[in-house]
Every structure is written in structure tokens, then in C-alpha cells.
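Reproduced below: entry.json, with JSON, N, CA and C atoms.
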[["chain", "number", "residue", "atom", "x", "y", "z"],
["Y", 199, "MET", "N", 127.06, 110.72, 178.35],
["Y", 199, "MET", "CA", 126.05, 111.66, 177.94],
["Y", 199, "MET", "C", 125.63, 112.48, 179.16],
["Y", 200, "SER", "N", 125.62, 113.78, 179.02],
["Y", 200, "SER", "CA", 125.23, 114.63, 180.14],
["Y", 200, "SER", "C", 123.89, 115.31, 179.85],
["Y", 201, "THR", "N", 123.25, 115.70, 180.91],
["Y", 201, "THR", "CA", 121.99, 116.41, 180.77],
["Y", 201, "THR", "C", 122.22, 117.87, 181.13],
["Y", 202, "ASN", "N", 121.37, 118.74, 180.64],
["Y", 202, "ASN", "CA", 121.49, 120.16, 180.91],
["Y", 202, "ASN", "C", 121.05, 120.43, 182.34],
["Y", 203, "THR", "N", 121.98, 120.85, 183.18],
["Y", 203, "THR", "CA", 121.67, 121.13, 184.57],
["Y", 203, "THR", "C", 121.70, 122.62, 184.88],
["Y", 204, "LEU", "N", 121.94, 123.45, 183.87],
["Y", 204, "LEU", "CA", 121.96, 124.89, 184.09],
["Y", 204, "LEU", "C", 120.53, 125.43, 184.11],
["Y", 205, "SER", "N", 120.31, 126.37, 185.00],
["Y", 205, "SER", "CA", 119.02, 127.04, 185.01],
["Y", 205, "SER", "C", 118.95, 127.99, 183.81],
["Y", 206, "LYS", "N", 117.76, 128.41, 183.47],
["Y", 206, "LYS", "CA", 117.60, 129.37, 182.38],
["Y", 206, "LYS", "C", 118.34, 130.67, 182.70],
["Y", 207, "GLU", "N", 118.33, 131.05, 183.98],
["Y", 207, "GLU", "CA", 119.03, 132.27, 184.39],
["Y", 207, "GLU", "C", 120.54, 132.12, 184.17],
["Y", 208, "ALA", "N", 121.09, 130.97, 184.53],
["Y", 208, "ALA", "CA", 122.52, 130.73, 184.33],
["Y", 208, "ALA", "C", 122.85, 130.70, 182.84],
["Y", 209, "GLU", "N", 121.99, 130.10, 182.04],
["Y", 209, "GLU", "CA", 122.20, 130.09, 180.59],
["Y", 209, "GLU", "C", 122.22, 131.51, 180.04],
["Y", 210, "THR", "N", 121.29, 132.33, 180.50],
["Y", 210, "THR", "CA", 121.24, 133.73, 180.04],
["Y", 210, "THR", "C", 122.49, 134.48, 180.45],
["Y", 211, "ARG", "N", 122.94, 134.27, 181.70],
["Y", 211, "ARG", "CA", 124.15, 134.95, 182.15],
["Y", 211, "ARG", "C", 125.37, 134.51, 181.35],
["Y", 212, "LEU", "N", 125.44, 133.21, 181.04],
["Y", 212, "LEU", "CA", 126.56, 132.72, 180.22],
["Y", 212, "LEU", "C", 126.53, 133.31, 178.82],
["Y", 213, "MET", "N", 125.34, 133.34, 178.23],
["Y", 213, "MET", "CA", 125.21, 133.94, 176.88],
["Y", 213, "MET", "C", 125.65, 135.40, 176.91],
["Y", 214, "ASN", "N", 125.21, 136.14, 177.91],
["Y", 214, "ASN", "CA", 125.60, 137.55, 178.02],
["Y", 214, "ASN", "C", 127.09, 137.70, 178.25],
["Y", 215, "PHE", "N", 127.64, 136.84, 179.08],
["Y", 215, "PHE", "CA", 129.07, 136.86, 179.37],
["Y", 215, "PHE", "C", 129.88, 136.69, 178.10],
["Y", 216, "PHE", "N", 129.54, 135.67, 177.31],
["Y", 216, "PHE", "CA", 130.31, 135.40, 176.10],
["Y", 216, "PHE", "C", 129.96, 136.34, 174.95],
["Y", 217, "ASN", "N", 128.81, 136.96, 174.97],
["Y", 217, "ASN", "CA", 128.45, 137.92, 173.93],
["Y", 217, "ASN", "C", 128.96, 139.32, 174.22],
["Y", 218, "LYS", "N", 129.08, 139.69, 175.50],
["Y", 218, "LYS", "CA", 129.41, 141.07, 175.86],
["Y", 218, "LYS", "C", 130.74, 141.25, 176.56],
["Y", 219, "THR", "N", 131.29, 140.19, 177.15],
["Y", 219, "THR", "CA", 132.46, 140.36, 178.00],
["Y", 219, "THR", "C", 133.73, 139.79, 177.39],
["Y", 220, "ILE", "N", 133.69, 138.53, 177.03],
["Y", 220, "ILE", "CA", 134.89, 137.85, 176.50],
["Y", 220, "ILE", "C", 134.43, 136.82, 175.48],
["Y", 221, "GLU", "N", 135.20, 136.68, 174.42],
["Y", 221, "GLU", "CA", 134.85, 135.68, 173.40],
["Y", 221, "GLU", "C", 135.17, 134.28, 173.92],
["Y", 222, "PRO", "N", 134.35, 133.29, 173.53],
["Y", 222, "PRO", "CA", 134.60, 131.92, 174.00],
["Y", 222, "PRO", "C", 136.02, 131.44, 173.69],
["Y", 223, "GLU", "N", 136.54, 131.81, 172.53],
["Y", 223, "GLU", "CA", 137.89, 131.38, 172.16],
["Y", 223, "GLU", "C", 138.93, 131.97, 173.11],
["Y", 224, "THR", "N", 138.74, 133.23, 173.50],
["Y", 224, "THR", "CA", 139.66, 133.88, 174.42],
["Y", 224, "THR", "C", 139.56, 133.24, 175.80],
["Y", 225, "MET", "N", 138.35, 132.91, 176.21],
["Y", 225, "MET", "CA", 138.16, 132.25, 177.50],
["Y", 225, "MET", "C", 138.82, 130.88, 177.51],
["Y", 226, "ALA", "N", 138.64, 130.13, 176.45],
["Y", 226, "ALA", "CA", 139.26, 128.81, 176.36],
["Y", 226, "ALA", "C", 140.79, 128.93, 176.39],
["Y", 227, "LYS", "N", 141.32, 129.92, 175.69],
["Y", 227, "LYS", "CA", 142.77, 130.13, 175.70],
["Y", 227, "LYS", "C", 143.24, 130.48, 177.11],
["Y", 228, "THR", "N", 142.50, 131.33, 177.80],
["Y", 228, "THR", "CA", 142.84, 131.72, 179.16],
["Y", 228, "THR", "C", 142.84, 130.51, 180.09],
["Y", 229, "LEU", "N", 141.80, 129.68, 179.98],
["Y", 229, "LEU", "CA", 141.73, 128.47, 180.82],
["Y", 229, "LEU", "C", 142.93, 127.57, 180.57],
["Y", 230, "ARG", "N", 143.28, 127.40, 179.30],
["Y", 230, "ARG", "CA", 144.42, 126.54, 178.97],
["Y", 230, "ARG", "C", 145.73, 127.13, 179.49],
["Y", 231, "GLN", "N", 145.88, 128.47, 179.37],
["Y", 231, "GLN", "CA", 147.10, 129.12, 179.86],
["Y", 231, "GLN", "C", 147.25, 128.95, 181.36],
["Y", 232, "VAL", "N", 146.16, 129.17, 182.10],
["Y", 232, "VAL", "CA", 146.22, 129.04, 183.55],
["Y", 232, "VAL", "C", 146.56, 127.62, 183.95],
["Y", 233, "ASN", "N", 145.89, 126.66, 183.32],
["Y", 233, "ASN", "CA", 146.19, 125.26, 183.64],
["Y", 233, "ASN", "C", 147.65, 124.92, 183.35],
["Y", 234, "TYR", "N", 148.15, 125.38, 182.22],
["Y", 234, "TYR", "CA", 149.53, 125.13, 181.82],
["Y", 234, "TYR", "C", 150.51, 125.77, 182.81],
["Y", 235, "ILE", "N", 150.27, 127.01, 183.14],
["Y", 235, "ILE", "CA", 151.17, 127.74, 184.04],
["Y", 235, "ILE", "C", 151.18, 127.11, 185.43],
["Y", 236, "LEU", "N", 149.99, 126.80, 185.94],
["Y", 236, "LEU", "CA", 149.93, 126.19, 187.26],
["Y", 236, "LEU", "C", 150.60, 124.82, 187.29],
["Y", 237, "ALA", "N", 150.35, 124.02, 186.26],
["Y", 237, "ALA", "CA", 150.97, 122.70, 186.21],
["Y", 237, "ALA", "C", 152.49, 122.82, 186.14],
["Y", 238, "LEU", "N", 153.00, 123.69, 185.28],
["Y", 238, "LEU", "CA", 154.45, 123.86, 185.19],
["Y", 238, "LEU", "C", 155.03, 124.43, 186.46],
["Y", 239, "GLY", "N", 154.33, 125.38, 187.05],
["Y", 239, "GLY", "CA", 154.81, 125.99, 188.29],
["Y", 239, "GLY", "C", 154.97, 124.98, 189.39],
["Y", 240, "ILE", "N", 154.02, 124.09, 189.50],
["Y", 240, "ILE", "CA", 154.10, 123.06, 190.52],
["Y", 240, "ILE", "C", 155.21, 122.07, 190.20],
["Y", 241, "MET", "N", 155.29, 121.68, 188.93],
["Y", 241, "MET", "CA", 156.33, 120.72, 188.55],
["Y", 241, "MET", "C", 157.73, 121.29, 188.72],
["Y", 242, "ARG", "N", 157.86, 122.58, 188.51],
["Y", 242, "ARG", "CA", 159.18, 123.21, 188.59],
["Y", 242, "ARG", "C", 159.36, 124.00, 189.88],
["Y", 243, "GLU", "N", 158.57, 123.71, 190.86],
["Y", 243, "GLU", "CA", 158.65, 124.37, 192.16],
["Y", 243, "GLU", "C", 158.49, 125.88, 192.05],
["Y", 244, "HIS", "N", 157.49, 126.29, 191.32],
["Y", 244, "HIS", "CA", 157.05, 127.68, 191.22],
["Y", 244, "HIS", "C", 157.95, 128.60, 190.40],
["Y", 245, "GLU", "N", 158.96, 128.08, 189.78],
["Y", 245, "GLU", "CA", 159.86, 128.90, 188.95],
["Y", 245, "GLU", "C", 159.10, 129.57, 187.82],
["Y", 246, "THR", "N", 158.22, 128.86, 187.15],
["Y", 246, "THR", "CA", 157.48, 129.37, 186.00],
["Y", 246, "THR", "C", 156.48, 130.44, 186.40],
["Y", 247, "LEU", "N", 155.91, 130.33, 187.59],
["Y", 247, "LEU", "CA", 154.91, 131.29, 188.01],
["Y", 247, "LEU", "C", 155.44, 132.72, 187.98],
["Y", 248, "GLN", "N", 156.68, 132.91, 188.33],
["Y", 248, "GLN", "CA", 157.26, 134.24, 188.33],
["Y", 248, "GLN", "C", 157.34, 134.82, 186.91],
["Y", 249, "ASN", "N", 157.58, 133.98, 185.92],
["Y", 249, "ASN", "CA", 157.69, 134.42, 184.54],
["Y", 249, "ASN", "C", 156.34, 134.68, 183.90],
["Y", 250, "GLU", "N", 155.29, 134.09, 184.41],
["Y", 250, "GLU", "CA", 153.97, 134.15, 183.80],
["Y", 250, "GLU", "C", 152.94, 134.83, 184.70],
["Y", 251, "ILE", "N", 153.38, 135.68, 185.61],
["Y", 251, "ILE", "CA", 152.47, 136.26, 186.60],
["Y", 251, "ILE", "C", 151.34, 137.06, 185.94],
["Y", 252, "GLY", "N", 151.60, 137.75, 184.85],
["Y", 252, "GLY", "CA", 150.56, 138.51, 184.16],
["Y", 252, "GLY", "C", 149.47, 137.62, 183.61],
["Y", 253, "ASN", "N", 149.87, 136.54, 182.94],
["Y", 253, "ASN", "CA", 148.88, 135.59, 182.41],
["Y", 253, "ASN", "C", 148.12, 134.92, 183.53],
["Y", 254, "LEU", "N", 148.80, 134.62, 184.62],
["Y", 254, "LEU", "CA", 148.15, 133.97, 185.75],
["Y", 254, "LEU", "C", 147.11, 134.90, 186.38],
["Y", 255, "GLU", "N", 147.45, 136.16, 186.56],
["Y", 255, "GLU", "CA", 146.50, 137.12, 187.13],
["Y", 255, "GLU", "C", 145.29, 137.28, 186.23],
["Y", 256, "ASN", "N", 145.51, 137.39, 184.93],
["Y", 256, "ASN", "CA", 144.42, 137.52, 183.97],
["Y", 256, "ASN", "C", 143.52, 136.29, 184.00],
["Y", 257, "GLY", "N", 144.13, 135.13, 183.98],
["Y", 257, "GLY", "CA", 143.36, 133.89, 184.01],
["Y", 257, "GLY", "C", 142.58, 133.74, 185.30],
["Y", 258, "TYR", "N", 143.19, 134.11, 186.41],
["Y", 258, "TYR", "CA", 142.52, 134.02, 187.70],
["Y", 258, "TYR", "C", 141.27, 134.90, 187.70],
["Y", 259, "TYR", "N", 141.39, 136.11, 187.16],
["Y", 259, "TYR", "CA", 140.25, 137.03, 187.08],
["Y", 259, "TYR", "C", 139.11, 136.41, 186.27],
["Y", 260, "TRP", "N", 139.42, 135.91, 185.08],
["Y", 260, "TRP", "CA", 138.36, 135.38, 184.21],
["Y", 260, "TRP", "C", 137.74, 134.10, 184.76],
["Y", 261, "LEU", "N", 138.53, 133.28, 185.43],
["Y", 261, "LEU", "CA", 137.97, 132.09, 186.05],
["Y", 261, "LEU", "C", 136.98, 132.47, 187.15],
["Y", 262, "ASN", "N", 137.31, 133.50, 187.91],
["Y", 262, "ASN", "CA", 136.39, 133.97, 188.94],
["Y", 262, "ASN", "C", 135.13, 134.58, 188.33],
["Y", 263, "GLU", "N", 135.28, 135.32, 187.24],
["Y", 263, "GLU", "CA", 134.11, 135.87, 186.55],
["Y", 263, "GLU", "C", 133.19, 134.76, 186.07],
["Y", 264, "LEU", "N", 133.76, 133.73, 185.47],
["Y", 264, "LEU", "CA", 132.96, 132.60, 184.99],
["Y", 264, "LEU", "C", 132.28, 131.90, 186.16],
["Y", 265, "ALA", "N", 133.00, 131.71, 187.24],
["Y", 265, "ALA", "CA", 132.42, 131.06, 188.42],
["Y", 265, "ALA", "C", 131.25, 131.88, 188.96],
["Y", 266, "GLU", "N", 131.36, 133.19, 188.96],
["Y", 266, "GLU", "CA", 130.27, 134.03, 189.44],
["Y", 266, "GLU", "C", 129.04, 133.94, 188.54],
["Y", 267, "ILE", "N", 129.26, 133.75, 187.27],
["Y", 267, "ILE", "CA", 128.13, 133.59, 186.35],
["Y", 267, "ILE", "C", 127.46, 132.24, 186.56],
["Y", 268, "LEU", "N", 128.26, 131.23, 186.74],
["Y", 268, "LEU", "CA", 127.72, 129.89, 186.92],
["Y", 268, "LEU", "C", 127.04, 129.72, 188.27],
["Y", 269, "ASN", "N", 127.61, 130.33, 189.29],
["Y", 269, "ASN", "CA", 127.07, 130.19, 190.63],
["Y", 269, "ASN", "C", 127.44, 131.43, 191.44],
["Y", 270, "PRO", "N", 126.63, 132.50, 191.37],
["Y", 270, "PRO", "CA", 126.97, 133.74, 192.09],
["Y", 270, "PRO", "C", 127.17, 133.47, 193.57],
["Y", 271, "TYR", "N", 128.30, 133.95, 194.07],
["Y", 271, "TYR", "CA", 128.66, 133.74, 195.46],
["Y", 271, "TYR", "C", 129.05, 135.05, 196.11],
["Y", 272, "LEU", "N", 129.86, 135.83, 195.41],
["Y", 272, "LEU", "CA", 130.40, 137.06, 196.00],
["Y", 272, "LEU", "C", 129.34, 138.15, 196.13],
["Y", 273, "ASP", "N", 128.28, 138.09, 195.34],
["Y", 273, "ASP", "CA", 127.23, 139.11, 195.41],
["Y", 273, "ASP", "C", 126.28, 138.90, 196.57],
["Y", 274, "LYS", "N", 126.29, 137.71, 197.15],
["Y", 274, "LYS", "CA", 125.40, 137.42, 198.26],
["Y", 274, "LYS", "C", 125.93, 138.02, 199.55],
["Y", 275, "GLU", "N", 125.03, 138.41, 200.42],
["Y", 275, "GLU", "CA", 125.43, 138.98, 201.70],
["Y", 275, "GLU", "C", 125.62, 137.91, 202.74]]
As C-alpha cells, the full file:
Amino acid sequence: MSTNTLSKEAETRLMNFFNKTIEPETMAKTLRQVNYILALGIMREHETLQNEIGNLENGYYWLNELAEILNPYLDKE
């Protein structure tokens, strides 16, 4: 059982992110694609990464966007 550790501000940013930027289903699909591609790439010595570079770039972008919403880092000076 987990407790809610997100601040109200983080909750608001997440709600806005999923309401205005990307649908939760699309985000979940992206996360799964990135995990799949990275795992296969490592297992096959990076052969798969070359075939899936577009999906990997897209997934990398969205993972960074989500990370910024959860814990803004790049906006700080």
C-alpha cells in the first residue's frame, strides 16, 4: 500500500500534462515501447536500437517531459 507523496502542484501539473499534452494511454504505450526497445537493444548488442530509433527518440522526449512535471530540474538555474 502506498501513500500519496505528490504535492498538490505536482498533481496539478500531471493533470494538465495528461489533459493537454498526451493521453495516458499514449504515454503508457510510449513507456512500454522504450522499455522494450532498450531491453532488446541491450540483449542483442544494440542491433534493435538502429531499427527503432524513431520510437526511442519519441519515448525519450516524453519520459523527460514526465520527469520535468514530476520534479522540475531543467527550468532551475
May I have the residues within 8 Å of region 214-229 of chain Y as a list of chain:residue names, using only N, CA and C atoms and disregarding those fewer than 2 positions away in the same chain?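 Counting only N, CA and C atoms, the residues come to Y:Ala208, Y:Glu209, Y:Thr210, Y:Arg211, Y:Leu212, Y:Gln231, Y:Val232, Y:Asn233, Y:Tyr234, Y:Ile235, Y:Asn253, Y:Asn256, Y:Gly257, Y:Tyr258, Y:Trp260, Y:Leu261, Y:Ile267.
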In Å, rounded to a single decimal, give me how far atom C of Glu255 (chain Y) is from atom N of Leu238 (chain Y).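 Between atom N of Leu238 (chain Y) and atom C of Glu255 (chain Y) the gap is 15.7 Å.
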Quick one: of Y:Arg242, Y:Leu236, Y:Lys206, Y:Asn269, who's nearest to Leu254 (chain Y), counting only N, CA and C atoms?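 When distances to Leu254 (chain Y) are compared using only N, CA and C atoms, the smallest one comes from Y:Leu236.
Here atom N of Ile251 (chain Y) is placed at a distance of 12.1 Å from atom N of Ala237 (chain Y).
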Residue set, chain Y restricted to helix (DSSP H, G or I), as a PyMOL selection string: chain Y and resi 206-218+222-241+245-249+251-268
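Rounded to one decimal, CA of Leu264 (chain Y) and CA of Thr203 (chain Y) lie 16.1 Å from each other.
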Could you put an axis-aligned box around every listed atom of region 227-244 of chain Y, padded by 3 Å on each side, and send me its centre and edge lengths in Å to one decimal, as JSON?
{"center_x": 150.3, "center_y": 126.2, "center_z": 183.9, "size_x": 24.0, "size_y": 17.0, "size_z": 22.5}
